[in-house]
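work-v3.csv (CSV, C-alpha atoms and all ligand atoms)
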chain,number,residue,atom,x,y,z
A,1,MET,CA,45.9,-91.2,97.5
A,2,SER,CA,48.4,-91.8,94.6
A,3,ARG,CA,47.7,-90.0,91.3
A,4,THR,CA,47.2,-93.4,89.6
A,5,VAL,CA,44.6,-94.5,92.1
A,6,ALA,CA,42.9,-91.1,91.8
A,7,LEU,CA,42.8,-91.4,88.0
A,8,LEU,CA,41.4,-95.0,88.2
A,9,LEU,CA,38.7,-93.9,90.5
A,10,LYS,CA,37.9,-90.9,88.3
A,11,GLY,CA,37.6,-93.3,85.3
A,12,GLU,CA,35.3,-95.6,87.2
A,13,VAL,CA,33.1,-92.8,88.5
A,14,SER,CA,32.8,-91.2,85.1
A,15,SER,CA,32.0,-94.4,83.3
A,16,ILE,CA,29.3,-95.1,86.0
A,17,LEU,CA,27.9,-91.6,85.5
A,18,LYS,CA,27.9,-92.0,81.8
A,19,SER,CA,25.8,-95.2,82.1
A,20,LEU,CA,23.5,-93.3,84.5
A,21,GLY,CA,22.8,-90.7,81.9
A,22,ALA,CA,25.6,-88.1,82.0
A,23,ARG,CA,26.2,-88.5,78.3
A,24,ASN,CA,27.9,-85.1,77.7
A,25,LEU,CA,29.8,-84.7,80.9
A,26,TYR,CA,33.1,-83.6,79.5
A,27,LYS,CA,31.6,-81.0,77.1
A,28,CYS,CA,31.2,-78.7,80.1
A,29,TYR,CA,33.8,-76.0,80.4
A,30,GLN,CA,32.6,-74.5,83.7
A,31,CYS,CA,31.1,-71.3,82.5
A,32,GLY,CA,28.5,-71.2,85.3
A,33,THR,CA,25.5,-70.3,83.0
A,34,CYS,CA,23.5,-73.3,84.4
A,35,THR,CA,23.7,-71.9,88.0
A,36,ALA,CA,22.8,-68.4,86.9
A,37,ALA,CA,20.0,-69.6,84.6
A,38,CYS,CA,18.3,-71.8,87.1
A,39,PRO,CA,15.0,-70.4,88.3
A,40,LEU,CA,15.5,-72.0,91.6
A,41,SER,CA,18.8,-70.4,92.4
A,42,GLU,CA,17.1,-67.4,94.0
A,43,GLU,CA,15.6,-69.6,96.5
A,44,VAL,CA,18.2,-72.3,97.2
A,45,THR,CA,22.0,-71.9,97.6
A,46,ALA,CA,23.4,-74.5,95.2
A,47,SER,CA,26.0,-74.4,92.5
A,48,PHE,CA,25.1,-76.7,89.6
A,49,ARG,CA,28.3,-75.8,87.9
A,50,LYS,CA,30.2,-77.1,90.9
A,51,ALA,CA,28.1,-80.3,90.9
A,52,VAL,CA,29.2,-80.9,87.2
A,53,LYS,CA,32.8,-80.2,88.2
A,54,TYR,CA,32.7,-82.8,91.0
A,55,ALA,CA,31.3,-85.3,88.4
A,56,GLN,CA,34.1,-84.5,85.9
A,57,LEU,CA,36.7,-85.0,88.5
A,58,GLY,CA,35.1,-88.2,89.8
A,59,LEU,CA,35.0,-86.9,93.4
A,60,GLU,CA,32.6,-89.5,94.7
A,61,GLU,CA,32.5,-88.2,98.3
A,62,LYS,CA,31.8,-84.7,97.1
A,63,ILE,CA,29.1,-85.9,94.8
A,64,ALA,CA,27.3,-87.8,97.5
A,65,ALA,CA,27.6,-84.8,99.9
A,66,ASP,CA,26.4,-82.2,97.4
A,67,PRO,CA,22.7,-81.3,97.8
A,68,ALA,CA,22.7,-79.4,94.4
A,69,PRO,CA,21.4,-82.4,92.3
A,70,TRP,CA,18.5,-82.8,94.7
A,71,LEU,CA,17.5,-79.2,94.5
A,72,CYS,CA,17.1,-79.5,90.7
A,73,TYR,CA,13.7,-80.3,89.4
A,74,ALA,CA,14.9,-81.2,85.9
A,75,CYS,CA,13.0,-78.4,84.1
A,76,GLY,CA,15.6,-78.2,81.4
A,77,GLU,CA,16.1,-74.4,81.3
A,78,CYS,CA,19.8,-74.7,82.0
A,79,SER,CA,20.3,-77.3,79.2
A,80,GLU,CA,18.7,-74.9,76.8
A,81,MET,CA,21.1,-72.1,77.8
A,82,CYS,CA,24.3,-74.2,78.1
A,83,PRO,CA,26.7,-72.9,75.4
A,84,LYS,CA,28.4,-76.3,75.1
A,85,ASP,CA,25.3,-78.5,74.9
A,86,ALA,CA,26.6,-80.4,77.9
A,87,LYS,CA,23.0,-81.0,79.0
A,88,PRO,CA,23.4,-80.2,82.7
A,89,THR,CA,19.8,-81.4,83.3
A,90,GLU,CA,20.9,-84.9,82.4
A,91,ILE,CA,24.1,-84.7,84.3
A,92,LEU,CA,22.2,-83.6,87.5
A,93,ALA,CA,19.8,-86.5,87.0
A,94,ALA,CA,22.7,-88.9,86.7
A,95,LEU,CA,24.2,-87.4,89.8
A,96,ARG,CA,21.0,-88.1,91.7
A,97,ARG,CA,21.1,-91.7,90.6
A,98,TYR,CA,24.7,-91.9,91.6
A,99,SER,CA,23.9,-90.5,95.0
A,100,ILE,CA,21.2,-93.0,95.5
A,101,ILE,CA,23.7,-95.7,94.8
A,102,LYS,CA,26.1,-94.2,97.4
A,103,TYR,CA,23.5,-93.8,100.1
A,104,ASP,CA,22.2,-97.3,99.7
A,105,TRP,CA,24.1,-99.5,102.2
A,106,THR,CA,22.8,-102.8,100.8
A,107,GLY,CA,24.5,-102.4,97.4
A,108,PHE,CA,21.3,-103.3,95.7
A,109,SER,CA,20.7,-99.8,94.1
A,110,LYS,CA,24.1,-100.1,92.3
A,111,ARG,CA,23.2,-103.4,90.6
A,112,PHE,CA,19.7,-102.2,90.0
A,113,TYR,CA,20.8,-99.0,88.2
A,114,LEU,CA,23.7,-100.5,86.3
A,115,SER,CA,22.3,-103.7,85.0
A,116,LYS,CA,19.1,-103.9,83.0
A,117,THR,CA,19.1,-107.7,83.3
A,118,PHE,CA,19.4,-107.5,87.1
A,119,GLU,CA,16.6,-104.9,87.2
A,120,LEU,CA,14.2,-107.0,85.1
A,121,MET,CA,15.1,-110.2,86.8
A,122,SER,CA,14.5,-108.7,90.2
A,123,ILE,CA,11.1,-107.5,89.1
A,124,ALA,CA,10.2,-110.9,87.5
A,125,ILE,CA,11.3,-112.8,90.6
A,126,LEU,CA,9.3,-110.6,93.0
A,127,SER,CA,6.2,-110.8,90.8
A,128,ILE,CA,6.4,-114.6,90.6
A,129,LEU,CA,7.1,-114.9,94.3
A,130,THR,CA,4.1,-112.7,95.0
A,131,ALA,CA,1.8,-114.8,92.8
A,132,LEU,CA,3.1,-117.9,94.5
A,133,ILE,CA,2.5,-116.5,98.0
A,134,VAL,CA,-1.1,-115.5,97.1
A,135,TYR,CA,-1.7,-118.9,95.6
A,136,LEU,CA,-0.4,-120.8,98.6
A,137,PHE,CA,-1.7,-118.6,101.4
A,138,LYS,CA,-4.9,-117.1,100.1
A,139,GLY,CA,-8.0,-117.2,102.1
A,140,PRO,CA,-11.3,-118.8,101.0
A,141,VAL,CA,-12.4,-118.1,97.4
A,142,ILE,CA,-16.0,-117.1,97.9
A,143,THR,CA,-17.8,-117.0,94.6
A,144,GLU,CA,-21.4,-116.1,95.7
A,145,ARG,CA,-20.3,-112.6,96.3
A,146,VAL,CA,-17.0,-110.5,96.2
A,147,ASP,CA,-15.2,-110.9,99.5
A,148,LEU,CA,-11.7,-109.6,98.9
A,149,SER,CA,-10.9,-109.4,102.6
A,150,ALA,CA,-11.5,-113.1,103.0
A,151,PHE,CA,-9.5,-113.9,99.9
A,152,ALA,CA,-6.5,-111.7,100.9
A,153,GLN,CA,-6.5,-112.1,104.7
A,154,PRO,CA,-4.3,-112.8,106.5
A,155,THR,CA,-1.6,-113.0,103.8
A,156,VAL,CA,-1.9,-109.3,102.7
A,157,ALA,CA,-2.1,-108.0,106.2
A,158,ILE,CA,1.0,-109.9,107.4
A,159,ALA,CA,3.0,-109.1,104.2
A,160,ASN,CA,2.0,-105.4,104.6
A,161,ILE,CA,3.5,-105.2,108.1
A,162,ILE,CA,6.7,-107.0,107.1
A,163,VAL,CA,7.2,-105.0,103.8
A,164,PHE,CA,6.3,-101.7,105.4
A,165,GLY,CA,8.6,-102.2,108.3
A,166,VAL,CA,11.6,-103.5,106.4
A,167,LEU,CA,11.4,-100.8,103.6
A,168,SER,CA,11.0,-98.0,106.1
A,169,LEU,CA,14.0,-99.2,108.0
A,170,ILE,CA,16.2,-99.4,104.8
A,171,LEU,CA,15.1,-95.9,103.7
A,172,LEU,CA,15.7,-94.4,107.1
A,173,ILE,CA,19.2,-95.9,107.2
A,174,ASN,CA,19.9,-94.5,103.7
A,175,ILE,CA,18.7,-91.0,104.8
A,176,TYR,CA,21.0,-91.2,107.7
A,177,ARG,CA,23.9,-92.1,105.4
A,178,MET,CA,22.9,-89.1,103.2
A,179,TYR,CA,23.2,-86.9,106.4
A,180,LYS,CA,26.6,-88.4,107.2
A,181,PHE,CA,27.9,-87.7,103.7
A,182,THR,CA,26.5,-84.2,103.7
A,183,THR,CA,28.1,-83.3,107.1
A,184,SER,CA,31.4,-85.0,106.4
A,185,GLN,CA,32.1,-82.5,103.6
A,186,SER,CA,30.8,-79.5,105.5
A,187,SER,CA,33.3,-76.6,105.9
A,188,SER,CA,32.3,-76.2,109.5
A,189,SER,CA,32.7,-78.8,112.2
A,190,GLY,CA,30.8,-76.9,114.8
A,191,LYS,CA,27.7,-78.4,116.5
A,192,LEU,CA,24.2,-77.1,116.5
A,193,PRO,CA,21.7,-77.4,119.4
A,194,VAL,CA,19.1,-80.2,119.1
A,195,SER,CA,16.4,-77.5,119.1
A,196,THR,CA,17.7,-76.2,115.7
A,197,TYR,CA,17.6,-79.6,114.2
A,198,ILE,CA,14.0,-80.0,115.4
A,199,ALA,CA,12.9,-76.5,114.4
A,200,GLU,CA,14.4,-76.7,110.9
A,201,PHE,CA,13.0,-80.2,110.4
A,202,ILE,CA,9.5,-79.0,111.2
A,203,LYS,CA,9.9,-76.0,109.0
A,204,ILE,CA,11.3,-77.8,106.0
A,205,ILE,CA,10.4,-81.5,105.7
A,206,PRO,CA,6.6,-81.7,105.9
A,207,TYR,CA,6.1,-78.6,103.8
A,208,HIS,CA,8.4,-79.6,101.0
A,209,PHE,CA,7.4,-83.3,101.1
A,210,LEU,CA,3.7,-82.4,100.8
A,211,THR,CA,3.9,-79.6,98.4
A,212,GLN,CA,7.0,-80.2,96.2
A,213,ARG,CA,6.6,-76.5,95.7
A,214,LEU,CA,10.1,-75.7,94.2
A,215,MET,CA,9.0,-77.5,91.1
A,216,ALA,CA,6.3,-75.0,90.4
A,217,ARG,CA,8.9,-72.2,90.1
A,218,CYS,CA,10.3,-73.8,86.9
A,219,ARG,CA,9.3,-72.5,83.5
A,220,ASP,CA,6.4,-74.6,82.2
A,221,GLY,CA,6.4,-75.7,85.9
A,222,LYS,CA,2.6,-75.8,86.2
A,223,TYR,CA,2.2,-78.6,83.7
A,224,TYR,CA,5.0,-80.8,85.2
A,225,TYR,CA,3.9,-79.8,88.7
A,226,THR,CA,0.4,-81.0,87.9
A,227,ILE,CA,1.7,-84.4,86.7
A,228,HIS,CA,3.9,-84.6,89.7
A,229,LEU,CA,1.1,-83.9,92.1
A,230,LEU,CA,-1.2,-86.4,90.4
A,231,LEU,CA,1.4,-89.1,90.9
A,232,PHE,CA,2.3,-88.0,94.4
A,233,TYR,CA,-1.2,-87.6,95.8
A,234,GLY,CA,-2.6,-90.5,93.9
A,235,TYR,CA,0.1,-92.7,95.5
A,236,ALA,CA,-0.2,-91.0,98.9
A,237,VAL,CA,-4.0,-91.4,99.1
A,238,ILE,CA,-3.8,-95.1,98.1
A,239,PHE,CA,-1.0,-95.6,100.6
A,240,VAL,CA,-2.9,-94.0,103.5
A,241,HIS,CA,-6.2,-95.6,102.5
A,242,HIS,CA,-4.5,-99.0,102.4
A,243,ILE,CA,-2.8,-98.5,105.8
A,244,LEU,CA,-6.0,-97.4,107.4
A,245,ARG,CA,-8.1,-100.2,105.9
A,246,HIS,CA,-5.8,-103.1,106.1
A,247,MET,CA,-3.5,-102.3,109.0
A,248,LEU,CA,-4.7,-99.7,111.4
A,249,LEU,CA,-8.4,-100.3,111.7
A,250,PRO,CA,-8.1,-104.2,111.9
A,251,LEU,CA,-5.5,-103.6,114.6
A,252,ILE,CA,-7.7,-101.3,116.7
A,253,SER,CA,-10.8,-103.5,116.3
A,254,PRO,CA,-11.9,-106.2,113.8
A,255,THR,CA,-15.4,-104.6,113.8
A,256,LEU,CA,-14.1,-101.2,112.6
A,257,HIS,CA,-14.5,-100.6,108.8
A,258,LEU,CA,-14.3,-97.7,106.5
A,259,ASN,CA,-17.6,-96.5,104.8
A,260,GLU,CA,-17.7,-98.6,101.6
A,261,VAL,CA,-19.0,-95.8,99.3
A,262,ALA,CA,-16.5,-93.2,100.6
A,263,SER,CA,-13.8,-95.8,100.4
A,264,SER,CA,-14.6,-96.7,96.8
A,265,ILE,CA,-14.7,-93.1,95.7
A,266,VAL,CA,-11.4,-92.3,97.4
A,267,GLY,CA,-9.7,-95.5,95.9
A,268,ILE,CA,-11.0,-95.0,92.4
A,269,SER,CA,-10.2,-91.3,92.3
A,270,ALA,CA,-6.7,-92.0,93.4
A,271,PHE,CA,-6.2,-94.7,90.8
A,272,VAL,CA,-7.6,-92.4,88.1
A,273,ALA,CA,-5.1,-89.7,89.2
A,274,LEU,CA,-2.2,-92.1,89.0
A,275,ILE,CA,-3.3,-93.4,85.5
A,276,LEU,CA,-3.6,-89.9,84.2
A,277,GLY,CA,-0.3,-88.7,85.6
A,278,SER,CA,1.7,-91.8,84.5
A,279,SER,CA,0.0,-91.8,81.0
A,280,LEU,CA,1.0,-88.2,80.5
A,281,ALA,CA,4.6,-89.0,81.6
A,282,ILE,CA,4.8,-92.0,79.3
A,283,TYR,CA,3.4,-90.1,76.4
A,284,GLY,CA,5.9,-87.2,77.0
A,285,ARG,CA,8.8,-89.7,77.2
A,286,ILE,CA,7.8,-91.5,74.0
A,287,LYS,CA,7.4,-88.3,72.1
A,288,LYS,CA,10.5,-86.7,73.8
A,289,SER,CA,8.2,-83.7,73.7
A,290,THR,CA,10.4,-81.4,75.8
A,291,ILE,CA,13.9,-81.3,77.0
A,292,ILE,CA,12.8,-82.8,80.3
A,293,TRP,CA,11.8,-86.0,78.6
A,294,GLU,CA,14.5,-86.0,75.9
A,295,TYR,CA,16.5,-88.7,77.6
A,296,SER,CA,15.1,-91.5,79.7
A,297,HIS,CA,17.3,-93.9,81.7
A,298,PRO,CA,16.0,-97.5,81.5
A,299,THR,CA,15.0,-97.2,85.2
A,300,ASP,CA,12.8,-94.3,84.4
A,301,TRP,CA,10.9,-96.5,82.0
A,302,VAL,CA,10.6,-99.4,84.4
A,303,PHE,CA,9.4,-97.1,87.2
A,304,ILE,CA,6.7,-95.3,85.1
A,305,THR,CA,5.5,-98.6,83.5
A,306,LEU,CA,5.2,-100.3,86.8
A,307,LEU,CA,3.3,-97.4,88.2
A,308,TRP,CA,0.9,-97.4,85.2
A,309,LEU,CA,0.4,-101.2,85.4
A,310,THR,CA,-0.2,-101.0,89.2
A,311,SER,CA,-2.8,-98.2,88.7
A,312,ILE,CA,-4.6,-99.9,85.8
A,313,THR,CA,-4.9,-103.2,87.7
A,314,GLY,CA,-5.9,-101.4,90.9
A,315,LEU,CA,-8.7,-99.6,89.1
A,316,LEU,CA,-9.8,-102.8,87.4
A,317,THR,CA,-9.9,-104.6,90.7
A,318,ASP,CA,-12.1,-101.9,92.2
A,319,ILE,CA,-14.4,-101.9,89.1
A,320,PHE,CA,-14.9,-105.7,89.2
A,321,LYS,CA,-15.3,-105.6,93.0
A,322,TYR,CA,-18.0,-102.9,92.9
A,323,SER,CA,-19.7,-104.6,89.9
A,324,GLY,CA,-20.1,-107.8,92.0
A,325,LEU,CA,-17.8,-110.1,89.9
A,326,PRO,CA,-15.9,-112.3,92.3
A,327,LEU,CA,-13.5,-114.3,90.1
A,328,PRO,CA,-12.3,-111.4,87.9
A,329,THR,CA,-11.8,-109.4,91.2
A,330,TYR,CA,-9.6,-112.0,92.8
A,331,VAL,CA,-7.5,-112.6,89.6
A,332,THR,CA,-7.0,-108.9,88.9
A,333,PHE,CA,-6.2,-108.3,92.5
A,334,THR,CA,-3.5,-110.9,92.3
A,335,VAL,CA,-2.1,-109.4,89.1
A,336,HIS,CA,-2.2,-106.0,90.8
A,337,LEU,CA,-0.1,-107.3,93.7
A,338,MET,CA,2.4,-108.7,91.2
A,339,PHE,CA,3.1,-105.1,90.1
A,340,VAL,CA,2.6,-103.4,93.5
A,341,VAL,CA,5.2,-105.5,95.3
A,342,PRO,CA,8.1,-104.8,92.9
A,343,LEU,CA,7.1,-101.2,92.7
A,344,LEU,CA,7.2,-100.8,96.5
A,345,VAL,CA,10.1,-103.1,97.3
A,346,LEU,CA,12.4,-101.9,94.5
A,347,GLU,CA,11.5,-98.3,93.8
A,348,VAL,CA,10.9,-96.9,97.3
A,349,PRO,CA,14.2,-97.6,99.0
A,350,PHE,CA,16.5,-98.3,96.1
A,351,ALA,CA,15.5,-96.2,93.0
A,352,LYS,CA,13.3,-93.5,91.6
A,353,TRP,CA,10.6,-93.2,94.3
A,354,SER,CA,13.3,-92.5,96.9
A,355,HIS,CA,13.4,-89.0,95.4
A,356,LEU,CA,10.4,-88.2,97.4
A,357,ALA,CA,12.3,-88.6,100.6
A,358,TYR,CA,15.7,-87.4,99.5
A,359,ARG,CA,14.7,-84.1,98.0
A,360,PRO,CA,13.2,-82.6,101.2
A,361,PHE,CA,16.0,-84.1,103.3
A,362,ALA,CA,18.6,-82.5,101.0
A,363,LEU,CA,17.0,-79.1,101.6
A,364,TYR,CA,17.0,-79.8,105.4
A,365,PHE,CA,20.7,-80.9,105.5
A,366,ASN,CA,21.6,-78.0,103.3
A,367,ARG,CA,19.9,-75.6,105.6
A,368,LEU,CA,21.7,-77.1,108.7
A,369,ASN,CA,25.0,-76.6,106.9
A,370,GLU,CA,24.2,-73.0,106.1
A,371,ILE,CA,23.3,-72.3,109.7
A,372,LYS,CA,26.5,-74.0,110.9
A,373,GLN,CA,28.6,-71.9,108.5
A,374,LEU,CA,26.9,-68.6,109.6
A,375,ARG,CA,27.3,-69.5,113.3
A,376,TYR,CA,30.9,-70.6,113.1
A,377,LYS,CA,32.3,-68.5,110.3
A,378,THR,CA,34.7,-66.5,112.5
B,401,LIG,S1,27.0,-77.4,82.1
B,401,LIG,FE1,27.0,-75.9,80.4
B,401,LIG,S2,26.1,-74.1,81.4
B,401,LIG,FE2,26.8,-75.4,83.1
B,401,LIG,S3,28.9,-74.8,83.6
B,401,LIG,FE3,29.0,-76.4,82.0
B,401,LIG,S4,29.2,-75.5,80.1
B,401,LIG,FE4,28.4,-73.9,81.5
B,402,LIG,S1,17.2,-78.4,85.1
B,402,LIG,FE1,16.0,-76.6,85.8
B,402,LIG,S2,15.9,-76.9,88.0
B,402,LIG,FE2,17.5,-78.2,87.3
B,402,LIG,S3,19.4,-76.9,87.5
B,402,LIG,FE3,18.6,-76.8,85.4
B,402,LIG,S4,17.4,-74.9,85.4
B,402,LIG,FE4,17.7,-75.5,87.6

As structure tokens, what does this structure read like?
Ligand code: SF4
Ligand code: SF4
Amino acid sequence: MSRTVALLLKGEVSSILKSLGARNLYKCYQCGTCTAACPLSEEVTASFRKAVKYAQLGLEEKIAADPAPWLCYACGECSEMCPKDAKPTEILAALRRYSIIKYDWTGFSKRFYLSKTFELMSIAILSILTALIVYLFKGPVITERVDLSAFAQPTVAIANIIVFGVLSLILLINIYRMYKFTTSQSSSSGKLPVSTYIAEFIKIIPYHFLTQRLMARCRDGKYYYTIHLLLFYGYAVIFVHHILRHMLLPLISPTLHLNEVASSIVGISAFVALILGSSLAIYGRIKKSTIIWEYSHPTDWVFITLLWLTSITGLLTDIFKYSGLPLPTYVTFTVHLMFVVPLLVLEVPFAKWSHLAYRPFALYFNRLNEIKQLRYKT
């Protein structure tokens, strides 16, 4: 690559990183304090200093291959210690956004992250489309009692299967691309037996996906960890509940139903957890109460607002439903879907929510590289 081309690429990458939140990238003079100060560095091998260096040099392949940004839980300790006020926490967050853009084969993430207009238009189009589909394909509107199943079926059931299938496929392809980036820059080209892949997968993925435990090691970690768990488990419970109720059980037998009381308790508790978690996060971001929330990228606001609106309308739907109010239930449910669909379709494979998948996989791929290096170092 000629020097001019390299400089042009560096310029493009650095201006993208700047718009993704790396506001003080070139203040860094590579002292390494961030790596040393990180409370997670005892547990994971990652050089945050090196990640910042790759960003400064605009090395896009190295950035996409580097697990370090994914091993950071944005606690802000390194930013407090940074002697140049380069705000490594923000740089690492920008690098995560940049990596999401690189992993995404559709090119949608790039447009989503770099254009507020595109982001808001996508949400608006999906919301309107959802309302239109519900209006055109809804079931009978029963007003003598609340019958949400009749109102929503089969539209919701069919849409569930299509959306779930397509989104899972996109995310899996993106994770595979993450793997290819990671291994392409590995210093060892040796191969590992399939059993190692499987054993490490079992050891790392479910545990870190379900516990997000590294976050608890950060200073003030318990507070953020609690918010994180409220959001994660609130979402996970609603997701599993929804799959069971609207996809799995009707597929096994139309006569199978969840117990209504248990189902309502589970649904309402999960929505309350989501509202609490997202409200605390919104409050923290408005107040900029700590270094973690000092800077919010526009996509952070969109994500947390969508999550909050989804949760509020979900809870209201349940309240109206269990209060026996048919019309308010159907209307609120439709509005709820108008927030749920953009949240799932845009955030899970293309933006913030994909963190949930990328973080444990970064640990997994990092571990595979470590084993390779140990095995083939001579
Ligand atoms: S970001 Fe700050 S702490 Fe980290 S290497 Fe650069 S100057 Fe040092
Ligand atoms: S923000 Fe916290 S977790 Fe991330 S690198 Fe800095 S000290 Fe480590």

inquiry  = Could you tell me how far atom CA of A:Trp308 sits from atom CA of A:Leu325, in Å to one decimal place?
reply    = 23.1 Å

request  = Calculate how many Å separate atom CA of A:Trp301 from atom CA of A:Tyr235, rounding to one decimal.
outcome  =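 Computing the Euclidean distance for atom CA of A:Trp301 and atom CA of A:Tyr235 yields 17.7 Å.
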
inquiry  = With distances taken over all atoms listed in the file, which residue among A:Pro342, A:Pro88, A:Asp147, A:Trp353 lies nearest A:Ile128?
reply    =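 Smallest separation from A:Ile128 among the options: A:Pro342.
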
Mind running chain A against ligand LIG 401 (chain B) at 6 Å and telling me each contacting residue's nearest atom pair with the distance in Å (one decimal), counting all atoms listed in the file, chain and number ascending, as a Markdown table?
| residue | atom | partner | partner_atom | distance |
| --- | --- | --- | --- | --- |
| A:Cys28 | CA | B:LIG401 | FE3 | 3.7 |
| A:Tyr29 | CA | B:LIG401 | S4 | 4.6 |
| A:Gln30 | CA | B:LIG401 | S3 | 3.7 |
| A:Cys31 | CA | B:LIG401 | FE4 | 3.9 |
| A:Gly32 | CA | B:LIG401 | S3 | 4.0 |
| A:Thr33 | CA | B:LIG401 | S2 | 4.2 |
| A:Cys34 | CA | B:LIG401 | S2 | 4.0 |
| A:Arg49 | CA | B:LIG401 | S3 | 4.5 |
| A:Cys82 | CA | B:LIG401 | S2 | 3.8 |
| A:Pro83 | CA | B:LIG401 | FE1 | 5.8 |
| A:Lys84 | CA | B:LIG401 | S4 | 5.1 |
| A:Ala86 | CA | B:LIG401 | FE1 | 5.2 |
| A:Pro88 | CA | B:LIG401 | S1 | 4.6 |

task = Between A:Arg96, A:His241, A:Lys288, A:Arg145, single out the one closest to A:Ile265, counting only C-alpha atoms.
result =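 Among the listed residues, A:His241 lies closest to A:Ile265.
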
message = Could you list, as a VMD selection string, all residues that come within 10 Å of ligand LIG 402 (chain B)? Count all atoms listed in the file.
response = chain A and resid 33 to 41 46 to 49 51 68 to 82 87 to 93 214 to 215 217 to 219 221 291 to 292

request  = Identify the residues around (0.0, -113.3, 90.9) within a radius of 12 Å, measuring from all atoms listed in the file in the coordinates stated by the file, and give them as a ChimeraX atom specification.
outcome  = /A:124-138,313,330-342

inquiry  = Residues near A:Leu95, anyone? I mean within 12 Å using all atoms listed in the file, not counting same-chain ones fewer than 6 positions away, as a PyMOL selection string.
reply    = chain A and resi 13-14+16-23+25+48+50-56+58-72+74+88-89+101-102
